[in-house]
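Encoded as structure tokens, the structure appears first; notes follow it.
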Amino acid sequence: MRKTRSDSAIVGVLAIASLLATLLQTLTIPIIPRLPSLLDASPTDASWVVTSTLLTGAITTPVSGRLGDLYGKRRVLLLTMSAVVVGTVISACTSSLWPMVIGRALQGVAVGVIPLALGLVRDQLPPERVGGAITLMSATLGLGGAAGIPLAGAVAENFDWHLLFWGSAGLSLLCTIWLAVAVPESPSRAPGRFDIVGTIGLTVGLALLLLPIVNGAQWGWGDARTVGLGATAVVVLLGWGRHQLRTAAPVVDLRVTARRPVLMANLATVATGFAIFAMFFVFPQILQAPRSTGYGFGQSLVASGLALLPNGLVALLLTPLAARMITRHGPRKAMILAALLIGAGYVYVLLRRDSVGDIIGASGVIGAGAGVSAAATAKLITDAVPVTETASANGVNALMRSLGSATGSALLAVILAHAAVHVGPASLPSESGLRTAFLVGAGAAVVSLVCAVLVPRVRSGSTVATEHEVPARTEGVGVSAAPAVSPSASSIPGDGPKT
């Protein structure tokens with residue numbers, strides 16, 4: 001029997017790898033306004049530093065999960081982390097645009113670590129420890145995103161900005177070595193072959209979809225590029241979906257994804273990703289805006305980043321409580337609570353934002369909801385799919401979070417641009433624009449709440465996915481292949497107290 005120390009080492013390194021993945025996503029946020037001058041590029045071209053990371057992250061998440069299910073999650077995880085190391089070194093060594101874009105694109109594949117890590121937790125840990133481990137890892141995702149902003153801001157303000165990437169390269173290399181030493185290979189394998197045609201279709205479809213979403217505000221929503229790419233993306237993705245339903249071993253099993261628990265969890269994740277990104281997008285602008293605007297607090301880059309750090313810390317500190325709640329009441333009720341918390345944070349900041357403390361308090365409440373939501377949706381999906389499809393199903397969920405963030409970025413940019421005021425030479429959001437952004441964030445929380453309510457109720461001691469829900473496929477593996485769990489185990493979802 002595996003020792004507890006070994007289990008703790010596995011969870012620890014997988015949690016740190018997931019934290020690093022989200023930290024890399026926010027690494028360039030503090031220097032976005034300076035990128036054109038730093039890279040001697042136009043603002044339009046410099047935006048590719050951010051867009052490339054978003055695109056590769058969205059594409060990699062389901063693909064890495066499927067590769068891990070087929071060929072071994074540890075093997076694919078190490079390859080993913082190696083690509084991240086190479087990408088950060090490239091970015092650290094250049095001050096030119098396109099090498100930086102290539103480096104950031106390679107760093108974007110770090111998001112693929114998340115579904116692989118969740119799959120390894122299910123494969124390697126005893127059933128009674130799976131729920132708590134998933135909750136801890138989910139909490140670190142919020143901490144990584146929140147910690148990345150003040151950390152990167154402090155480095156960018158006081159040192160050469162290349163140090164951001166040298167430090168990330170060192171951390172990524174150390175994490176890769178620790179993964180190789182501490183994490184054994186997963187014993188489970190999905191049958192079938194890798195779907196190359198499906199992967200190409202997914203890559204092209206997502207690229208065509210995300211490009212107009214990310215750049216629509218800049219190009220214009222009625223521009224031929226925006227409309228043309230969007231329409232082409234719909235056609236490509238419809239064709240891709242038809243191929244996935246007809247092929248024997250799809251890169252994304254749409255039949256599994258279409259099950260009501262998984263579908264509702266993914267839709268809730270889109271809305272939650274939107275709401276969380278809205279906070280990271282809007283709150284720093286309030287904190288950094290000059291007091292002459294009537295709503296700003298004139299905080300420095302580092303101070304505004306530190307004000308958002310409690311967002312991730314709250315999610316981490318609530319990990320034990322969230323794990324017990326999911327164990328006792330099931331992930332469905334935890335998802336409902338998470339949506340209510342996120343909505344409450346936005347309502348609070350709508351009604352009261354007289355001090356920096358109000359902003360910190362609102363972001364902490366939203367962070368609590370984000371942490372509970374991430375843990376609950378990951379647990380729900382892990383319980384709802386066959387053991388051989390854990391990584392790919394969580395990869396699709398991570399993709400939904402990326403789509404929510406991308407959509408939030410585009411919509412909020414339009415809202416704030418159309419409600420801008422001029423303060424000296426700067427163009428800043430108006431207070432009415434900020435209120436609209438808060439209402440949109442609250443609306444996303446309501447959508448997440450509705451999706452959570454629509455998750456099927458599950459009797460205590462039963463699994464989310466029943467045997468008749470698993471599609472009959474000659475190479476498929478039913479939920480019965482999942483490890484047996486005792487009624488007291490934390491990985492059993494329920495909709496009420498255990499009896």
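A note on labels: chains of the structure tokens are A, B, ... as shown, every chain counts residues from 1, and ligands are counted from 1 in their shown order.
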_Taking 5 positions as the minimum chain separation for residues in the same chain, which residues sit within 6 Å of stretch 55-69 of chain A when counting only C-alpha atoms? Answer as a PyMOL selection string._
chain A and resi 76+105+108-109+111-112+115-116+189-190+203+251+388+391-392+395-396+399+402
*Skipping near chain neighbours, those fewer than 6 positions away, what residues fall within 7 Å of stretch 346-354 of chain A using only C-alpha atoms, listed as a list in words?*
Ala362, Arg435, Phe438, Gly441 and Ala442 of chain A
Output C-alpha atoms of each residue in that selection to a file, as a short mmCIF file (atom, residue, chain, number, x, y, z; two decimals), in the first residue's frame.
data_model
loop_
_atom_site.label_atom_id
_atom_site.label_comp_id
_atom_site.auth_asym_id
_atom_site.auth_seq_id
_atom_site.Cartn_x
_atom_site.Cartn_y
_atom_site.Cartn_z
CA ALA A 362 -15.58 42.08 -2.70
CA ARG A 435 -21.45 49.76 -12.95
CA PHE A 438 -20.38 44.84 -12.41
CA GLY A 441 -20.37 40.03 -13.82
CA ALA A 442 -23.38 39.51 -11.55
#
*asked:* Which residues are close to A:Leu287, i.e. within 7 Å by only C-alpha atoms, leaving aside same-chain residues fewer than 3 positions away? Reply as a list in words.
replied: Phe283, Pro284, Gly296, Phe297, Gly298, Gln299 and Ser304 of chain A
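Among the candidate residues A:Val446, A:Leu151, A:Leu120, A:Ala419, the one lying nearest to A:Leu434 is A:Ala419, with distances computed using only C-alpha atoms.
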_A:Ser292, A:Thr390, A:Thr407, A:Thr327 ranked by distance to A:Ser430, top pick (using only C-alpha atoms)_ = A:Ser292
*Find the residue from A:Gln25, A:Asn394, A:Ser138, A:Thr257 that sits nearest to A:Leu106; use only C-alpha atoms when measuring.*
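With only C-alpha atoms as the atom set, the closest residue is A:Gln25.
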_Shell of 10 Å around A:Pro320, only C-alpha atoms, local chain residues under 5 positions omitted, as a PyMOL selection string_ = chain A and resi 132-133+135-136+325
Same residues, N, CA and C atoms, output as an mmCIF file, in the first residue's frame:
data_model
loop_
_atom_site.group_PDB
_atom_site.id
_atom_site.type_symbol
_atom_site.label_atom_id
_atom_site.label_comp_id
_atom_site.auth_asym_id
_atom_site.auth_seq_id
_atom_site.Cartn_x
_atom_site.Cartn_y
_atom_site.Cartn_z
ATOM 1 N N GLY A 132 -10.575 15.711 -1.313
ATOM 2 C CA GLY A 132 -9.779 16.761 -0.683
ATOM 3 C C GLY A 132 -8.642 17.230 -1.569
ATOM 4 N N ALA A 133 -8.008 16.286 -2.298
ATOM 5 C CA ALA A 133 -6.904 16.665 -3.172
ATOM 6 C C ALA A 133 -7.381 17.537 -4.326
ATOM 7 N N THR A 135 -9.982 19.473 -4.324
ATOM 8 C CA THR A 135 -10.343 20.777 -3.771
ATOM 9 C C THR A 135 -9.094 21.634 -3.553
ATOM 10 N N LEU A 136 -8.023 21.036 -3.012
ATOM 11 C CA LEU A 136 -6.777 21.769 -2.792
ATOM 12 C C LEU A 136 -6.202 22.266 -4.113
ATOM 13 N N MET A 325 -17.665 20.257 2.638
ATOM 14 C CA MET A 325 -18.989 20.533 2.093
ATOM 15 C C MET A 325 -19.290 19.632 0.893
#
